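J.: TSV, C-alpha atoms, file start29.tsv:
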chain	number	residue	atom	x	y	z
J	1	MET	CA	190.12	30.93	162.47
J	2	ALA	CA	187.93	33.09	160.21
J	3	PHE	CA	186.57	29.95	158.52
J	4	THR	CA	185.70	28.46	161.95
J	5	LYS	CA	183.77	31.63	162.91
J	6	GLN	CA	181.78	31.44	159.68
J	7	ILE	CA	180.88	27.79	160.35
J	8	ILE	CA	179.72	28.69	163.91
J	9	LEU	CA	177.65	31.57	162.56
J	10	LEU	CA	176.02	29.27	159.98
J	11	ILE	CA	175.15	26.75	162.71
J	12	LEU	CA	173.52	29.51	164.77
J	13	ILE	CA	171.46	30.70	161.79
J	14	LEU	CA	170.24	27.15	161.20
J	15	ALA	CA	169.40	26.86	164.91
J	16	CYS	CA	167.37	30.03	164.62
J	17	ASN	CA	165.38	28.58	161.72
J	18	GLN	CA	164.83	25.32	163.60
J	19	ASN	CA	163.61	27.14	166.70
J	20	TYR	CA	161.12	29.02	164.58
J	21	ALA	CA	159.75	25.82	163.07
J	22	GLN	CA	159.24	24.33	166.55
J	23	ILE	CA	157.37	27.30	168.04
J	24	GLU	CA	153.61	26.96	168.25
J	25	TYR	CA	151.73	29.51	170.35
J	26	ASN	CA	148.06	29.87	169.46
J	27	VAL	CA	147.15	33.45	170.31
J	28	LEU	CA	143.56	33.81	171.44
J	29	PRO	CA	141.64	37.11	171.13
J	30	GLY	CA	141.42	39.06	174.36
J	31	GLU	CA	140.65	42.44	175.84
J	32	GLY	CA	141.82	44.19	178.95
J	33	PRO	CA	143.58	47.14	180.55
J	34	PRO	CA	146.96	48.39	179.34
J	35	LYS	CA	149.90	46.08	179.93
J	36	ILE	CA	151.12	46.35	183.53
J	37	ASN	CA	154.88	46.61	183.85
J	38	ILE	CA	155.44	43.96	186.50
J	39	PHE	CA	158.87	43.27	184.96
J	40	ARG	CA	160.54	46.29	186.55
J	41	ASN	CA	159.39	45.58	190.10
J	42	TYR	CA	159.93	41.84	190.31
J	43	PHE	CA	161.72	40.35	187.30
J	44	SER	CA	164.28	42.92	186.10
J	45	ARG	CA	167.79	41.94	185.03
J	46	GLU	CA	169.19	44.05	187.89
J	47	LYS	CA	167.28	41.99	190.45
J	48	LEU	CA	167.81	38.59	188.84
J	49	ASP	CA	171.56	38.92	188.30
J	50	SER	CA	173.96	35.95	188.36
J	51	VAL	CA	174.83	36.49	192.04
J	52	PHE	CA	171.17	36.35	193.09
J	53	VAL	CA	170.41	33.33	190.88
J	54	LYS	CA	173.45	31.35	192.05
J	55	LYS	CA	172.81	32.21	195.72
J	56	HIS	CA	169.30	30.74	195.55
J	57	ASN	CA	170.24	27.85	193.22
J	58	ILE	CA	167.59	28.85	190.63
J	59	GLN	CA	167.22	26.77	187.47
J	60	SER	CA	164.27	28.58	185.86
J	61	ILE	CA	161.55	31.16	186.47
J	62	THR	CA	158.26	31.02	184.56
J	63	VAL	CA	155.49	33.62	184.83
J	64	MET	CA	152.10	32.82	183.29
J	65	GLU	CA	149.58	35.54	182.40
J	66	LEU	CA	145.86	34.78	182.63
J	67	LEU	CA	143.11	37.14	181.40
J	68	ILE	CA	139.46	36.95	182.52
J	69	ILE	CA	136.75	39.34	181.26
J	70	ASP	CA	133.19	39.09	182.55
J	71	ASP	CA	133.92	35.66	184.06
J	72	THR	CA	135.21	34.36	180.70
J	73	LEU	CA	138.79	33.06	180.33
J	74	HIS	CA	140.43	34.59	177.25
J	75	TYR	CA	143.96	33.15	177.51
J	76	ASN	CA	146.55	31.68	179.86
J	77	LYS	CA	149.99	32.08	178.32
J	78	PRO	CA	153.66	32.56	179.32
J	79	GLN	CA	154.62	36.17	180.04
J	80	PHE	CA	158.24	35.69	181.22
J	81	ILE	CA	160.55	32.68	181.06
J	82	TYR	CA	164.17	32.60	182.26
J	83	THR	CA	166.49	29.58	182.43
J	84	TYR	CA	169.95	29.50	183.99
J	85	THR	CA	173.03	27.31	184.30
J	86	LYS	CA	174.19	26.08	187.71
J	87	ASP	CA	176.67	28.96	187.98
J	88	GLY	CA	173.86	31.51	187.50
J	89	LYS	CA	174.46	32.30	183.83
J	90	LEU	CA	171.36	33.25	181.82
J	91	MET	CA	170.76	30.80	178.95
J	92	HIS	CA	167.24	31.72	177.80
J	93	SER	CA	165.14	34.84	178.39
J	94	GLU	CA	161.62	35.38	177.10
J	95	SER	CA	159.21	38.30	177.35
J	96	ASN	CA	155.84	38.01	175.63
J	97	SER	CA	152.85	40.27	175.12
J	98	TRP	CA	149.27	39.31	174.29
J	99	SER	CA	146.41	41.50	173.08
J	100	SER	CA	142.99	41.41	171.43
J	101	THR	CA	144.58	41.26	167.95
J	102	GLY	CA	147.13	38.57	168.65
J	103	GLY	CA	150.47	38.67	170.37
J	104	ALA	CA	154.24	38.70	170.14
J	105	ARG	CA	156.74	36.21	171.53
J	106	ARG	CA	160.24	37.62	172.07
J	107	TYR	CA	163.11	35.48	173.31
J	108	HIS	CA	166.90	35.24	173.41
J	109	ASP	CA	168.96	32.05	173.46
J	110	TYR	CA	172.60	32.36	174.48
J	111	TYR	CA	175.19	30.06	172.88
J	112	GLY	CA	178.55	30.75	174.48
J	113	ASP	CA	179.81	33.90	172.79
J	114	SER	CA	176.74	34.25	170.53
J	115	THR	CA	173.00	34.87	170.84
J	116	VAL	CA	169.88	34.15	168.84
J	117	SER	CA	167.16	36.78	169.26
J	118	VAL	CA	163.66	36.06	167.94
J	119	GLN	CA	160.45	38.07	167.75
J	120	HIS	CA	157.39	36.17	166.55
J	121	GLU	CA	154.14	38.09	165.99
J	122	ARG	CA	150.77	36.57	165.16
J	123	TYR	CA	147.71	38.76	164.87
J	124	SER	CA	144.54	39.35	162.85
J	125	LEU	CA	142.86	42.37	161.29
J	126	ASN	CA	139.21	43.36	161.54
J	127	ASP	CA	138.52	41.44	158.34
J	128	THR	CA	139.71	38.23	160.13
J	129	ILE	CA	142.76	37.96	157.87
J	130	TYR	CA	145.56	36.46	159.94
J	131	ARG	CA	149.19	37.60	159.86
J	132	ASP	CA	152.20	35.64	161.04
J	133	TYR	CA	155.53	37.47	161.10
J	134	GLN	CA	158.94	36.28	162.29
J	135	PHE	CA	162.06	38.35	162.87
J	136	CYS	CA	165.17	36.37	163.76
J	137	GLN	CA	168.58	37.91	164.48
J	138	THR	CA	171.76	35.94	165.09
J	139	THR	CA	174.57	37.90	166.74
J	140	TYR	CA	178.16	36.72	167.02
J	141	PHE	CA	180.36	38.54	169.55
J	142	ILE	CA	183.82	38.69	168.00
J	143	ASN	CA	185.41	40.32	171.05
J	144	ASP	CA	184.45	42.70	173.88
J	145	THR	CA	183.70	45.48	171.39
J	146	LEU	CA	182.94	44.11	167.93
J	147	SER	CA	179.87	42.09	166.92
J	148	ARG	CA	178.28	40.80	163.75
J	149	SER	CA	174.56	40.25	163.15
J	150	VAL	CA	172.50	38.49	160.48
J	151	ARG	CA	168.72	39.00	160.30
J	152	HIS	CA	166.08	36.69	158.81
J	153	HIS	CA	162.51	37.83	158.05
J	154	TYR	CA	159.59	35.41	157.57
J	155	ASN	CA	155.96	35.71	156.59
J	156	PHE	CA	154.30	32.58	157.91
J	157	ASP	CA	156.89	29.90	157.07
J	158	THR	CA	158.38	31.68	154.05
J	159	LEU	CA	161.76	33.38	154.28
J	160	THR	CA	161.30	36.82	152.69
J	161	LYS	CA	164.55	38.66	153.41
J	162	VAL	CA	168.06	38.13	154.78
J	163	GLU	CA	170.14	41.05	156.07
J	164	ASP	CA	173.84	40.79	156.92
J	165	MET	CA	174.48	43.77	159.19
J	166	GLY	CA	178.24	43.27	159.01
J	167	ILE	CA	180.69	44.00	161.84
J	168	TYR	CA	179.87	46.89	164.17
J	169	ASP	CA	180.92	48.40	167.51
J	170	SER	CA	178.29	47.11	169.95
J	171	LYS	CA	179.59	49.14	172.89
J	172	ALA	CA	179.36	52.38	170.92
J	173	LEU	CA	175.74	51.58	170.00
J	174	GLU	CA	174.90	50.91	173.64
J	175	ARG	CA	176.45	54.21	174.73
J	176	GLU	CA	174.47	56.06	172.06
J	177	ARG	CA	171.24	54.38	173.17
J	178	ARG	CA	171.78	55.36	176.81
J	179	ASN	CA	172.66	58.95	175.86
J	180	ASN	CA	169.48	59.19	173.76
J	181	MET	CA	167.39	57.89	176.68
J	182	SER	CA	168.99	60.42	179.04
J	183	ARG	CA	168.29	63.29	176.65
J	184	LYS	CA	164.69	62.14	176.15
J	185	THR	CA	164.08	61.91	179.92
J	186	GLY	CA	165.55	65.36	180.48
J	187	SER	CA	163.47	66.99	177.77
J	188	GLN	CA	160.25	65.45	179.11
J	189	SER	CA	160.88	66.73	182.64
J	190	ASP	CA	161.38	70.28	181.35
J	191	MET	CA	158.13	70.39	179.35
J	192	ALA	CA	155.38	72.73	180.49
J	193	VAL	CA	152.17	71.03	181.53
J	194	ASN	CA	148.97	72.11	179.84
J	195	ILE	CA	145.81	72.06	181.96
J	196	SER	CA	143.78	70.25	179.31
J	197	ASP	CA	146.53	67.61	178.96
J	198	VAL	CA	146.35	66.92	182.70
J	199	MET	CA	142.60	66.47	182.53
J	200	ILE	CA	142.81	64.08	179.58
J	201	ASN	CA	145.76	61.97	180.79
J	202	ARG	CA	145.04	61.81	184.49
J	203	LYS	CA	142.89	58.67	184.36
J	204	SER	CA	145.35	56.77	182.18
J	205	SER	CA	148.19	57.36	184.67
J	206	THR	CA	146.55	55.27	187.42
J	207	GLU	CA	148.24	51.98	186.56
J	208	ARG	CA	151.67	53.53	186.01
J	209	MET	CA	151.62	55.34	189.35
J	210	CYS	CA	150.70	52.14	191.15
J	211	ILE	CA	153.51	50.14	189.64
J	212	LEU	CA	156.45	52.51	189.37
J	213	PRO	CA	158.84	52.74	192.34
J	214	VAL	CA	157.98	55.74	194.45
J	215	GLY	CA	161.08	57.68	193.40
J	216	GLU	CA	159.92	57.52	189.78
J	217	ILE	CA	156.46	59.02	190.25
J	218	ARG	CA	156.42	62.01	187.93
J	219	TYR	CA	154.49	64.76	189.60
J	220	GLU	CA	151.72	66.30	187.58
J	221	ASN	CA	150.16	69.71	187.81
J	222	PRO	CA	148.88	70.13	190.49
J	223	LYS	CA	151.28	68.08	192.61
J	224	PRO	CA	149.70	65.34	194.75
J	225	LYS	CA	149.93	65.28	198.54
J	226	LEU	CA	152.10	62.42	199.81
J	227	LEU	CA	151.85	60.54	203.09
J	228	LYS	CA	154.99	58.59	204.11
J	229	ASP	CA	155.74	55.93	206.72
J	230	SER	CA	158.65	55.73	209.16
J	231	LEU	CA	160.87	54.25	206.42
J	232	ASP	CA	160.23	57.29	204.18
J	233	ARG	CA	158.11	55.22	201.80
J	234	VAL	CA	155.03	56.76	200.20
J	235	ILE	CA	151.97	54.91	201.50
J	236	GLU	CA	149.25	57.26	200.30
J	237	VAL	CA	148.95	59.67	197.39
J	238	LYS	CA	146.12	62.21	197.43
J	239	GLY	CA	145.91	63.51	193.91
J	240	SER	CA	144.02	66.48	192.55
J	241	ALA	CA	143.04	67.46	189.04
J	242	TYR	CA	141.72	70.47	187.20
J	243	GLN	CA	137.98	70.25	186.63
J	244	GLN	CA	136.33	72.44	184.01
J	245	ILE	CA	132.83	73.81	184.37
J	246	GLY	CA	131.84	76.32	181.74
J	247	SER	CA	134.87	78.50	181.03
J	248	LYS	CA	136.38	78.09	184.51
J	249	TYR	CA	138.91	75.61	185.90
J	250	PHE	CA	139.17	74.65	189.54
J	251	VAL	CA	141.29	72.17	191.49
J	252	ALA	CA	139.42	69.32	193.17
J	253	PRO	CA	140.45	66.03	194.85
J	254	PHE	CA	140.46	63.38	192.15
J	255	GLU	CA	142.31	60.17	192.98
J	256	ASN	CA	143.64	58.50	196.13
J	257	LEU	CA	146.26	55.74	196.02
J	258	ILE	CA	146.89	53.43	198.98
J	259	ILE	CA	150.24	51.58	198.71
J	260	THR	CA	151.73	48.79	200.83
J	261	TYR	CA	155.17	47.19	200.59
J	262	HIS	CA	156.76	43.80	201.10
J	263	ASP	CA	158.50	43.75	204.50
J	264	THR	CA	160.95	46.64	204.84
J	265	THR	CA	161.76	46.85	201.11
J	266	ASN	CA	160.54	49.29	198.47
J	267	THR	CA	158.91	46.44	196.55
J	268	ILE	CA	155.21	47.19	196.09
J	269	GLU	CA	152.89	44.54	197.50
J	270	SER	CA	149.54	46.19	196.83
J	271	CYS	CA	148.04	49.35	195.41
J	272	LEU	CA	144.43	50.48	195.52
J	273	SER	CA	143.14	53.37	193.44
J	274	TYR	CA	140.00	55.29	194.43
J	275	TYR	CA	138.32	57.76	192.11
J	276	GLN	CA	136.94	60.63	194.21
J	277	VAL	CA	135.76	64.18	193.64
J	278	ASP	CA	134.85	66.61	196.41
J	279	ARG	CA	131.09	66.95	195.96
J	280	ASN	CA	130.65	70.21	197.85
J	281	LYS	CA	133.42	71.93	195.93
J	282	PHE	CA	132.16	70.54	192.64
J	283	GLU	CA	128.55	71.61	193.14
J	284	LYS	CA	129.56	75.08	194.34
J	285	ALA	CA	131.46	75.59	191.08
J	286	ALA	CA	128.58	74.12	189.10
J	287	GLN	CA	126.15	76.65	190.56
J	288	GLU	CA	128.36	79.45	189.28
J	289	ALA	CA	128.31	78.07	185.73
J	290	PRO	CA	125.73	79.04	183.09
J	291	GLN	CA	122.51	77.03	183.23
J	292	GLY	CA	123.14	75.15	179.98
J	293	VAL	CA	126.62	73.83	180.90
J	294	ARG	CA	126.12	72.69	184.51
J	295	PRO	CA	127.42	69.11	184.69
J	296	GLU	CA	126.14	66.26	186.82
J	297	PHE	CA	128.29	65.16	189.73
J	298	PRO	CA	130.48	62.26	188.50
J	299	GLN	CA	129.74	58.87	190.03
J	300	CYS	CA	132.24	56.18	191.05
J	301	TYR	CA	133.35	53.77	188.35
J	302	ALA	CA	132.99	50.77	190.64
J	303	ASP	CA	131.62	49.78	194.06
J	304	SER	CA	133.03	51.94	196.88
J	305	CYS	CA	134.82	54.08	194.28
J	306	LEU	CA	137.52	51.44	193.77
J	307	ASN	CA	138.58	51.47	190.11
J	308	PHE	CA	141.93	49.70	190.23
J	309	GLU	CA	143.43	47.02	192.46
J	310	PHE	CA	146.93	45.54	192.32
J	311	LEU	CA	147.86	42.68	194.68
J	312	ALA	CA	151.14	40.74	194.89
J	313	ARG	CA	151.04	37.69	197.17
J	314	ASP	CA	153.08	34.74	198.50
J	315	PHE	CA	156.58	36.20	198.26
J	316	ILE	CA	159.51	33.76	198.04
J	317	ILE	CA	163.05	35.17	197.96
J	318	GLY	CA	161.49	38.55	197.22
J	319	ILE	CA	159.46	37.31	194.21
J	320	PRO	CA	155.64	37.12	194.37
J	321	GLN	CA	154.14	33.76	193.38
J	322	LYS	CA	150.83	35.40	192.46
J	323	ILE	CA	149.92	38.86	191.16
J	324	ILE	CA	146.31	39.94	190.63
J	325	VAL	CA	145.29	43.06	188.70
J	326	ILE	CA	141.61	44.01	188.82
J	327	ASN	CA	140.11	46.79	186.72
J	328	GLY	CA	136.30	46.70	186.64
J	329	SER	CA	135.14	43.39	185.13
J	330	THR	CA	138.65	42.62	183.86
J	331	THR	CA	141.11	40.54	185.88
J	332	LYS	CA	144.69	39.69	185.01
J	333	GLN	CA	146.50	37.10	187.07
J	334	TYR	CA	150.21	36.27	187.00
J	335	THR	CA	151.45	32.99	188.47
J	336	THR	CA	155.16	32.40	189.11
J	337	THR	CA	156.86	29.00	189.13
J	338	ILE	CA	160.48	28.73	190.29
J	339	ALA	CA	162.49	25.53	189.63
J	340	TYR	CA	165.71	24.84	191.51
J	341	TRP	CA	168.81	22.80	190.75
Written as structure tokens, that's how I'd like the structure from this file.
T.:
Amino acid sequence: MAFTKQIILLILILACNQNYAQIEYNVLPGEGPPKINIFRNYFSREKLDSVFVKKHNIQSITVMELLIIDDTLHYNKPQFIYTYTKDGKLMHSESNSWSSTGGARRYHDYYGDSTVSVQHERYSLNDTIYRDYQFCQTTYFINDTLSRSVRHHYNFDTLTKVEDMGIYDSKALERERRNNMSRKTGSQSDMAVNISDVMINRKSSTERMCILPVGEIRYENPKPKLLKDSLDRVIEVKGSAYQQIGSKYFVAPFENLIITYHDTTNTIESCLSYYQVDRNKFEKAAQEAPQGVRPEFPQCYADSCLNFEFLARDFIIGIPQKIIVINGSTTKQYTTTIAYW
């Protein structure tokens, strides 16, 4: 029996090496806003469980990511790929990320009681020197608790290191990971908020607030005003921020979010972000500041003060077939293709 397990493990390692040799994703340079977490809203494991997949007879789901900057196409590449058996079992999952310096392809293949997990990174430095790194882990599940993993590291096509992680308690590691996440979340919620931190980080929170489910919006200081619909869903967020003029801080309206949902669910269908500052309040505070530090009234970042737009369209079985993210001259578009058995 032990000899048979070793043979299976060897076959999986060879399969991992073969998969690596067959992969060819040419990563093109690109720019754009921070990565939007569309995974949590539409393509999470909790949503796409075996019951859901089997009910709708899904064979595969592919999500392509397209980036356009100043009317120029920078890339059109797979963001998520999932394939299933007829009984709804996940056979292949893939989650990729692309950036201006390259990208990473991460995927899992499931072989019965074993998995092959691969992360392939290809990127370049400012001196145009290219890097190609491969991390491949083969895991064999001995039983419900014990697992064994072997890791292979490559630079370009050269194997540089092999690590046999031995037999370990996978359930204990998962419990430890969840406990660490719980402790980290608790410590962050108890931290005091510094006024200067709010001023610096406020703009960068726009995308996260648009995408996170309403219950996960972490209120900042000062707390935003929320407008809800008859289903107790937040449909408008009127945010404020501390503005500094001279040595004084004052609270002024800063950002409005308008949110719509798909049907009667909590799934976000669109989110618009408007950058706004109360001019009268701003100029009154400016007049009280010393002559040399009176700032100019801030102007809108885009036409009609719209600085961020998120649109999900053409929902099928609760999954959008098209998602558009617009931030200034940058547009990201996600296109979903669903194949059925």
J.: Report the distance between CA of Ala285 in chain J and CA of Lys225 in chain J in Å, rounded to one decimal place.
T.: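 CA of Lys225 in chain J lies 22.4 Å from CA of Ala285 in chain J.
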J.: Within 7 Å of Ile324 in chain J, counting all atoms listed in the file, which residues qualify if same-chain residues fewer than 6 places away don't, as a list in words?
T.: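 That gives Phe310, Leu311, Ala312, Lys332, Gln333 and Tyr334 of chain J.
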J.: From the options J:Ser149, J:Val237, J:Asp87, J:Gln59, which residue's atoms come nearest to Lys223 in chain J, counting only C-alpha atoms?
T.: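 For Lys223 in chain J, the nearest of the given residues is J:Val237.
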J.: For a test of reading the model, state the distance in Å between CA of Pro78 in chain J and CA of Thr62 in chain J, rounded to one decimal.
T.: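 That distance, rounded to one decimal, is 7.1 Å.
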J.: Using all atoms listed in the file, which residue out of J:Asn266, J:Leu67, J:Glu236, J:Tyr42 lies closest to Phe80 in chain J?
T.: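 Checking each candidate against Phe80 in chain J, we get J:Tyr42 as the closest.
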J.: Which neighbours of Lys54 in chain J fall inside 8 Å, counting only C-alpha atoms, when residues of the same chain fewer than 3 positions from it are skipped, and could you give them as a list of chain:residue names?
T.: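 Final neighbour list, sorted by chain and number: J:Ser50, J:Val51, J:Asn57, J:Ile58, J:Lys86, J:Asp87, J:Gly88.
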J.: In terms of the shortest atom-to-atom distance over only C-alpha atoms, which of J:Asn41, J:Gln287, J:Thr101, J:Ser124 is closest to His262 in chain J?
T.: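 That would be J:Asn41, the residue with the smallest distance to His262 in chain J.
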J.: Go ahead and compute the interatomic distance for CA of Arg40 in chain J and CA of Ile319 in chain J, in Å to one decimal.
T.: 11.9 Å
J.: Would you kindly identify which residues have an atom no farther than 8 Å from (165.6, 42.2, 168.5), using only C-alpha atoms and the file's own coordinates, and write them out as a PyMOL selection string?
T.: chain J and resi 106+117-119+135-137
J.: Show me, as a PyMOL selection string, the residues that have an atom within 10 Å of Ile316 in chain J when counting only C-alpha atoms, minus same-chain residues fewer than 4 positions from it.
T.: chain J and resi 320-321+338
J.: Any chance you could export the current selection's C-alpha atoms as a PDB file, in the frame of the given file?
T.:
ATOM      1  CA  PRO J 320     155.640  37.120 194.370  1.00  0.00           C
ATOM      2  CA  GLN J 321     154.140  33.760 193.380  1.00  0.00           C
ATOM      3  CA  ILE J 338     160.480  28.730 190.290  1.00  0.00           C
TER       4      ILE J 338
END
J.: Please provide the set of residues having any atom within 10 Å of Ser97 in chain J, restricted to all atoms listed in the file, with same-chain residues fewer than 2 positions apart removed, written as a list in words.
T.: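 That gives Lys35, Glu65, Lys77, Pro78, Gln79, Phe80, Ser95, Ser99, Gly102, Gly103, Ala104, Arg105, Arg106 and Glu121 of chain J.
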J.: Of the residues J:Thr260, J:Thr336, J:Thr160, J:Thr72, which is the one nearest to Phe315 in chain J, using all atoms listed in the file?
T.: J:Thr336
J.: Compile the contact shell of Phe141 in chain J as a PyMOL selection string: residues with an atom at most 6 Å away, counting only C-alpha atoms, same-chain residues fewer than 2 positions apart removed.
T.: chain J and resi 113-114+143+147
J.: Using only C-alpha atoms, what residues lie at most 10 Å away from (183.2, 42.3, 161.0) (file coordinates), given as a PDB file with C-alpha atoms, in the coordinates of the input?
T.:
ATOM      1  CA  TYR J 140     178.160  36.720 167.020  1.00  0.00           C
ATOM      2  CA  PHE J 141     180.360  38.540 169.550  1.00  0.00           C
ATOM      3  CA  ILE J 142     183.820  38.690 168.000  1.00  0.00           C
ATOM      4  CA  LEU J 146     182.940  44.110 167.930  1.00  0.00           C
ATOM      5  CA  SER J 147     179.870  42.090 166.920  1.00  0.00           C
ATOM      6  CA  ARG J 148     178.280  40.800 163.750  1.00  0.00           C
ATOM      7  CA  SER J 149     174.560  40.250 163.150  1.00  0.00           C
ATOM      8  CA  MET J 165     174.480  43.770 159.190  1.00  0.00           C
ATOM      9  CA  GLY J 166     178.240  43.270 159.010  1.00  0.00           C
ATOM     10  CA  ILE J 167     180.690  44.000 161.840  1.00  0.00           C
ATOM     11  CA  TYR J 168     179.870  46.890 164.170  1.00  0.00           C
ATOM     12  CA  ASP J 169     180.920  48.400 167.510  1.00  0.00           C
TER      13      ASP J 169
END
J.: Point out the residue among J:Asn76, J:Asp71, J:Thr264, J:Ile258 with the least atom-to-atom distance to Asp232 in chain J, counting only C-alpha atoms.
T.: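 Checking each of J:Asn76, J:Asp71, J:Thr264, J:Ile258 against Asp232 in chain J, counting only C-alpha atoms, the winner is J:Thr264.
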J.: Calculated over all atoms listed in the file, which of the candidates J:Ala172, J:Ala339, J:Leu125, J:Leu66 has the smallest distance to Ile81 in chain J?
T.: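 The shortest atom-to-atom distance to Ile81 in chain J comes from J:Ala339.
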